[in-house]
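As structure tokens, the structure follows; a few thoughts come after it.
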Amino acid sequence: MLSRKPRLSAVLLALVMGLLVVGCGGGDEGGDTGGGAAAADQTLKWGLGSEFVLDPGLATDTTSAKLVLNIFDPLVKLGDNLEAVPSMAESWDVNGPNVVYHLRSGATWSNGDPVTAEDYEYAWKRALDPELASDYSYQLYGIKGAVEYNECESNCNALRDKVAVNATDDQTLEVTLTSAQPWFIQQSAHSVFLPVHKATVEQFGERWTRPENIVTNGPFNVEAAQPSASITLVKNPDWRDAANVKLERVEGRIIVDGTTAVQSFEAGEVDVLDEQLPPAETPRLKETPEYELYPGLGTSYYGFNVKDNIKDINQRRAMSLAIDRQSIIDNITQANEKPANAFTPEGMPGREDIVAGEGSPWTPASGDLEQAKELMAQAKNPKTKITIYSNESSPNKEVAEALQSMWKQIGIDSTIKILEWQQFLEFLGPPPPKAVDIFRLGWVGDFVDDINFLELWTCDSGNNNTGYCDKEYDSLVAKAKQTADNTERYAIYKQLEEKLTGQDGFLPFIPLWYITYPNLERETVKETFEINLLDQVDLTKVEIKEA
Amino acid sequence: MTAFIIRRLLWTIPVLLLVIFLTFVLMRQIEGNPFRRTDRAVPAAVQRNLERKFNLDEPWYVQYALYVKGVFTFDLGPSLVLRDRTVNEIIKEHFPKSLELGVLAFVWAILIGIPMGVIAALRQNSAYDYGLMFITNVGYAIPNFLVATLLIYYVSLKLGLLPTNGWQTWEHKILPSFALALAPMAYFARLVRGSMLETLQQDYIRTAKAKGLRWRRVVTVHALRNSLIPAVTAMAPLLGFIITGTFVIEVIFSIPGIGRYFITAVTSRDYSVVMGITVLTSVVIVLANMVVDILYGILDPRTRDART
């Protein structure tokens, strides 16, 4: 009942917009892209991969992130090369640990209120509020006073005021970081840095994200939403750059099962999927013109338990050399992943300086069985009966079986243990349990600086399940964090990468491949629908062409 | 009858307490962290804040008491995973879809299954009988995910008659409810055939026939009524189960029902949602059994007399 009025006006608005698009199309639309004229109906039908949460402070999965980044306006966006691009902030100044964002004026929330720097300050402090218990609050830990507030047991209000983010006026947001963090501007493109409308949050509490309550400030407004079934977004005509937004409407439908999603796409019910293709279908889908593949900023690896079991460096090198990565990619994972030759993934800014030449000598794409056998022979007390741990989802088991047969060739007998995902994570530690010799895991970047990857392997990292601990490595990580200059910092990253996978590297894990996001996209949107390295989609760039 | 219903309703309380206790214990036995869903570890401070927010830092008996209190005050608490939603909202949104799917499937099963069983029994050992029993054997043996996949492939993709998935219009509802109905349909047909054959041998049927009653009346009034008792017995738990969500069908057809979300909740260790849905399922099954007991009384007065 309540939604009737706004819905009617939205339909009318969409009609008017549609007429406008049709009216002023033709002339300039056709020429610039060469990919055909814009379709009259700018509605994107999107198959979404999971249930979503529309609260930027609480969103954790990639489907939610894709949605919130298009209904709220981030200070900065990431450009094609993951560089920071102005969005709600038209510029920023960085001076060591001091960051100042200068916001555009005239922007409004969907209820007409002006968008101010204070909205961002409120949202960031809200995300750090221990009462909210935001999963991604740690993304804000670079801000002075943030950790103390997020960890507070008592006196929290005083600590809240000490968090060094201040809106000094409506258009200025001043932030003081714990140290110079050259990546902070790009990091602020993350969904947890999005603003929220204070009055709405305070009025409705946990129910503020319901479609009848939600107030947003992004290029799209939420018209309707059923968090486990569907969401409808409509273009926000009052958004600051609405003139350049082509899409009028986004109809998102949740299709959790990959096979069902592919069928729905093939029946023409959705135009684009949300990377969830079943591996068994990949060989067939790859041959269709709708198949699209995006590189992701992530590394898939097998970690050793270096503390208790696989202690000999020659055995670790031999096990890495024995792997024919290319064959696993071609025959099992099938998503055209790039064989990994370092931990730092491709696409990472500065990678050409961080990973020297061909990368690690221990990771040839097709393996080197001869050298592997030689090194295995040199290993002192090698462990020849090992247990591989993996989780159940496809194609992890098949990959484990392939590795089993590859390691068999260098005289290692392995048993595969498959655990359910949650049990697997709980079981792995850290510290690693004695029963584990080697395990499968991966790392996908939160933000675009290699520190986010290399920090994983410090002694007390919660993500280092190998037992690898090198004080020198830790002090280099600490030093890198204090180094603002990119060239100097990348030089330190290079040392770190060398310590892990280089000629004399410790090799606590075997890098396998860099992840990709395969997707199906109707040819009418394929040209403009893009998934970036961090698995984000900018709907303001999407335009539906005529079939 | 009223006393019977009240007694049965009162009995649901200890049943629920036991169900909550067992679910609670089982959920805590399996390892896992509801706040960690990816390869990424949760920083200690964040984990602490989350545990505090959801009372997971309390001793187990306090947590159990809080759950019990929640159930009996109809406030099942917030979801640990879908962070901006409560379990009540999740159930309110998902359950009606599963209920609708289950009821539709049940209607298919009864409308087709029972007549199939009756026809097979009346024409015992005929081609009809063998044909129908062959169909029911196949229907019962083929798992519903295969039926669902085949239906989608032929009906939706090849012929383009119905949508592949979703739950928006009546067209979306045909395939999933039929796929779900197939096994119960076959089951009912076989049950009814068996008991019908037995009933037709009874003395009172012979008497009715000897008295000169029309055969149609003998079958519908005397034979069928008594032959339905085993089917009614089977209906209760079946109805209870299919309306509280069927994971496979809901996943394949992308139906936002309770079954799909229940499995999602178990794999992501969303304790409060698992608890809420389990309690709901037990209530529904207890009630379904009660309805059957009442139906028994109507179909066969002897059972009613024995009970009250």
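Going by the structure tokens order, chains are called A, B, ..., each with residues numbered from 1, while ligands are numbered from 1 in the order shown.
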
Practice task
When you get a sec, could you note down which chain B residues fall within 7 Å of chain A, using only C-alpha atoms, as number ranges by chain?
Solution key: B: 31-33, 39-41, 45-46, 49-50, 53, 82-84, 157, 164-165, 251-254, 256

N, CA and C atoms of the current selection, written as a compact mmCIF listing (two decimals), in the first residue's frame:
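Heads up, here's the output in out08.txt:
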# COMPACT_ATOMS: atom_id res chain seq x y z
N GLU B 31 32.04 -27.56 14.17
CA GLU B 31 32.93 -26.40 14.27
C GLU B 31 32.52 -25.36 13.25
N GLY B 32 33.05 -24.18 13.43
CA GLY B 32 32.77 -23.13 12.45
C GLY B 32 32.54 -21.81 13.14
N ASN B 33 32.69 -20.76 12.36
CA ASN B 33 32.56 -19.42 12.88
C ASN B 33 31.59 -18.66 11.98
N ASP B 39 38.14 -16.82 2.98
CA ASP B 39 39.48 -17.24 3.39
C ASP B 39 40.06 -16.30 4.45
N ARG B 40 39.49 -15.11 4.51
CA ARG B 40 40.03 -14.05 5.35
C ARG B 40 39.68 -14.25 6.82
N ALA B 41 40.67 -14.21 7.68
CA ALA B 41 40.41 -14.34 9.12
C ALA B 41 39.79 -13.05 9.65
N ALA B 45 39.51 -8.22 17.53
CA ALA B 45 38.60 -7.22 18.10
C ALA B 45 37.23 -7.31 17.43
N VAL B 46 37.24 -7.51 16.13
CA VAL B 46 35.97 -7.60 15.39
C VAL B 46 35.21 -8.84 15.84
N ASN B 49 33.65 -8.14 19.19
CA ASN B 49 32.45 -7.28 19.08
C ASN B 49 31.25 -8.07 18.59
N LEU B 50 31.50 -8.94 17.61
CA LEU B 50 30.41 -9.72 17.04
C LEU B 50 29.85 -10.70 18.06
N LYS B 53 27.80 -8.86 20.55
CA LYS B 53 26.53 -8.40 20.00
C LYS B 53 25.50 -9.52 19.97
N LEU B 82 22.80 -12.49 7.62
CA LEU B 82 22.12 -11.39 6.92
C LEU B 82 21.93 -10.29 7.95
N ARG B 83 22.96 -9.45 8.09
CA ARG B 83 23.10 -8.63 9.27
C ARG B 83 22.01 -7.58 9.49
N ASP B 84 21.27 -7.20 8.45
CA ASP B 84 20.26 -6.17 8.72
C ASP B 84 18.86 -6.78 8.86
N LEU B 157 13.45 -24.63 -21.64
CA LEU B 157 14.48 -24.25 -22.61
C LEU B 157 14.14 -24.67 -24.03
N THR B 164 12.18 -20.63 -16.47
CA THR B 164 13.09 -21.64 -15.91
C THR B 164 13.11 -21.62 -14.39
N ASN B 165 12.95 -20.45 -13.82
CA ASN B 165 13.02 -20.38 -12.36
C ASN B 165 12.37 -19.10 -11.88
N VAL B 251 16.29 -24.65 -4.51
CA VAL B 251 17.55 -24.18 -5.10
C VAL B 251 17.47 -24.21 -6.63
N ILE B 252 17.01 -25.35 -7.17
CA ILE B 252 17.00 -25.48 -8.63
C ILE B 252 16.10 -24.44 -9.28
N PHE B 253 14.96 -24.16 -8.65
CA PHE B 253 14.04 -23.21 -9.25
C PHE B 253 14.18 -21.80 -8.65
N SER B 254 15.25 -21.58 -7.90
CA SER B 254 15.48 -20.26 -7.30
C SER B 254 14.25 -19.72 -6.58
N PRO B 256 12.69 -18.39 -3.25
CA PRO B 256 13.20 -17.90 -1.97
C PRO B 256 12.43 -18.49 -0.79

Practice task
Name the residues in contact with Thr267 of chain B at a cut-off of 12 Å, using only C-alpha atoms, excluding same-chain residues fewer than 2 positions from it; report them as an MDAnalysis selection string.
Solution key: (chainID A and resid 392 420:424) or (chainID B and resid 27 30:37 81 260:265 269:271 273:274)

Exercise for the section: Using DSSP on the backbone, list every residue of segment 265-369 of chain A that comes out as alpha helix (DSSP H), and give them as a list in words. Expected result: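 Here is the list: Phe265, Glu266, Thr282, Pro283, Arg284, Leu285, Lys286, Ile313, Asn314, Gln315, Arg316, Arg317, Ala318, Met319, Ser320, Leu321, Arg325, Gln326, Ser327, Ile328, Arg351, Glu352, Asp353, Ile354 and Leu369 of chain A.
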
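Across A:Phe529, A:Trp457, A:Tyr473, A:Trp362, the tightest approach to Arg316 of chain A is made by A:Trp362 when counting only C-alpha atoms.
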
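Nearest residue to Val248 of chain B among B:Ser227, B:Ser126, B:Ser195, B:Ser98 is B:Ser98, counting only C-alpha atoms.
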
Problem - All residues 9 Å or closer to segment 11-23 of chain B, only C-alpha atoms, same chain fewer than 3 positions away omitted, as a list in words - result: Ile6, Arg7, Arg8, Leu26, Met27, Arg28, Tyr64, Tyr67, Val68, Val71, Val274, Met275, Thr278, Val279, Ser282, Val283, Val286 and Leu287 of chain B

Exercise for the section: as a ChimeraX atom specification, please: all residues of segment 370-534 of chain A that backbone DSSP puts in strand (DSSP E or B). Expected result: /A:385-391,413-419,438-444,509-521,531

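Atom pair atom CA of Asp437 of chain A / atom CA of Ala340 of chain A: separated by 21.2 Å.
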
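The list of residues with at least one atom within 6 Å of segment 115-121 of chain A, based on only C-alpha atoms and without residues fewer than 4 positions apart in the same chain, reads Ala107, Thr108, Trp109, Ala167, Asp170, Gln171, Thr172, Leu173 and Pro195 of chain A.
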
Please write the residues from the selection above to a file, keeping C-alpha atoms, as a PDB file, in the first residue's frame.
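And here is the file that came out, part_22.pdb:
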ATOM      1  CA  ALA A 107      24.610  16.798  -3.943  1.00  0.00           C
ATOM      2  CA  THR A 108      21.487  15.554  -2.218  1.00  0.00           C
ATOM      3  CA  TRP A 109      20.178  12.452  -0.508  1.00  0.00           C
ATOM      4  CA  ALA A 167      34.056  17.179   8.943  1.00  0.00           C
ATOM      5  CA  ASP A 170      30.035  20.691   4.792  1.00  0.00           C
ATOM      6  CA  GLN A 171      32.556  20.080   2.020  1.00  0.00           C
ATOM      7  CA  THR A 172      35.715  19.187   3.911  1.00  0.00           C
ATOM      8  CA  LEU A 173      36.556  15.869   5.522  1.00  0.00           C
ATOM      9  CA  PRO A 195      28.119   7.411   3.699  1.00  0.00           C
TER      10      PRO A 195
END

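Each of B:Leu151, B:Phe74, B:Gly166, B:Val221 was compared to Ala208 of chain B using only C-alpha atoms, and B:Val221 turns out to be the nearest.
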
For segment 91-103 of chain A, find every residue with an atom within 10 Å (counting only C-alpha atoms), except residues of its own chain fewer than 6 positions away, and show them as a PDB file with C-alpha atoms, in the first residue's frame.
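Saved to around_22.pdb:
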ATOM      1  CA  LEU A  75      34.279   9.579  -2.117  1.00  0.00           C
ATOM      2  CA  VAL A  76      36.480   7.986  -4.751  1.00  0.00           C
ATOM      3  CA  VAL A  85      39.161   8.649  -9.508  1.00  0.00           C
ATOM      4  CA  VAL A 115      25.044  15.388   1.329  1.00  0.00           C
ATOM      5  CA  THR A 116      27.767  16.730   3.597  1.00  0.00           C
ATOM      6  CA  ALA A 117      31.165  15.662   4.869  1.00  0.00           C
ATOM      7  CA  GLY A 142      44.475   3.012   9.411  1.00  0.00           C
ATOM      8  CA  ILE A 143      42.720   6.028  10.925  1.00  0.00           C
ATOM      9  CA  LYS A 144      44.171   7.361  14.152  1.00  0.00           C
ATOM     10  CA  ALA A 164      40.622  11.278  13.750  1.00  0.00           C
ATOM     11  CA  VAL A 165      37.997  11.864  11.099  1.00  0.00           C
ATOM     12  CA  ASN A 166      36.398  15.293  11.193  1.00  0.00           C
ATOM     13  CA  ALA A 167      34.056  17.179   8.943  1.00  0.00           C
ATOM     14  CA  THR A 168      35.402  20.690   9.373  1.00  0.00           C
ATOM     15  CA  ASP A 169      32.668  22.086   7.156  1.00  0.00           C
ATOM     16  CA  ASP A 170      30.035  20.691   4.792  1.00  0.00           C
ATOM     17  CA  GLN A 171      32.556  20.080   2.020  1.00  0.00           C
ATOM     18  CA  THR A 172      35.715  19.187   3.911  1.00  0.00           C
ATOM     19  CA  LEU A 173      36.556  15.869   5.522  1.00  0.00           C
ATOM     20  CA  GLU A 174      39.835  15.778   7.429  1.00  0.00           C
ATOM     21  CA  VAL A 175      41.394  12.458   8.316  1.00  0.00           C
ATOM     22  CA  THR A 176      44.546  11.749  10.300  1.00  0.00           C
ATOM     23  CA  LEU A 177      46.092   8.340   9.774  1.00  0.00           C
ATOM     24  CA  THR A 178      48.324   6.407  12.143  1.00  0.00           C
ATOM     25  CA  SER A 179      51.118   6.756   9.604  1.00  0.00           C
ATOM     26  CA  ALA A 180      51.470   7.787   5.994  1.00  0.00           C
ATOM     27  CA  GLN A 181      49.413   5.251   4.010  1.00  0.00           C
ATOM     28  CA  PRO A 182      49.743   5.875   0.298  1.00  0.00           C
ATOM     29  CA  PHE A 184      44.399   5.049   1.844  1.00  0.00           C
ATOM     30  CA  ILE A 185      42.726   7.079  -0.926  1.00  0.00           C
ATOM     31  CA  GLN A 482      56.018   3.645   7.083  1.00  0.00           C
ATOM     32  CA  THR A 483      57.252   4.246   3.539  1.00  0.00           C
ATOM     33  CA  ALA A 484      55.070   6.676   1.666  1.00  0.00           C
TER      34      ALA A 484
END

Using only C-alpha atoms, which protein or nucleic acid residues come within 10 Å of Asn111 of chain A? Drop anything in the same chain fewer than 6 positions from it, and give the result as a short mmCIF file (atom, residue, chain, number, x, y, z; two decimals) with N, CA and C atoms, in the first residue's frame.
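Heads up, here's the output in around_10.cif:
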data_model
loop_
_atom_site.label_atom_id
_atom_site.label_comp_id
_atom_site.auth_asym_id
_atom_site.auth_seq_id
_atom_site.Cartn_x
_atom_site.Cartn_y
_atom_site.Cartn_z
N HIS A 197 22.80 7.93 5.87
CA HIS A 197 22.00 9.10 6.27
C HIS A 197 21.64 8.98 7.74
N THR A 200 17.99 8.87 9.17
CA THR A 200 17.27 7.64 8.82
C THR A 200 17.75 6.46 9.66
N ILE A 214 14.77 3.34 3.31
CA ILE A 214 16.16 3.65 2.94
C ILE A 214 16.29 5.01 2.25
N VAL A 215 17.34 5.73 2.64
CA VAL A 215 17.69 7.01 2.00
C VAL A 215 19.10 6.84 1.45
N THR A 216 19.26 7.10 0.16
CA THR A 216 20.56 6.87 -0.48
C THR A 216 21.01 8.14 -1.20
N ASN A 217 22.25 8.12 -1.70
CA ASN A 217 22.72 9.30 -2.42
C ASN A 217 23.48 8.93 -3.70
#

Practice task
Please provide as a PyMOL selection string all residues within 10 Å of Asn144 of chain B, with the sequence filter that same-chain residues fewer than 3 positions apart are discarded (counting only C-alpha atoms).
Solution key: chain B and resi 139-141+147-150+176+178-183+248-249

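Shortest atom-to-atom contact with Leu194 of chain A among A:Lys246, A:Lys77, A:Lys45, A:Lys408: A:Lys77, counting only C-alpha atoms.
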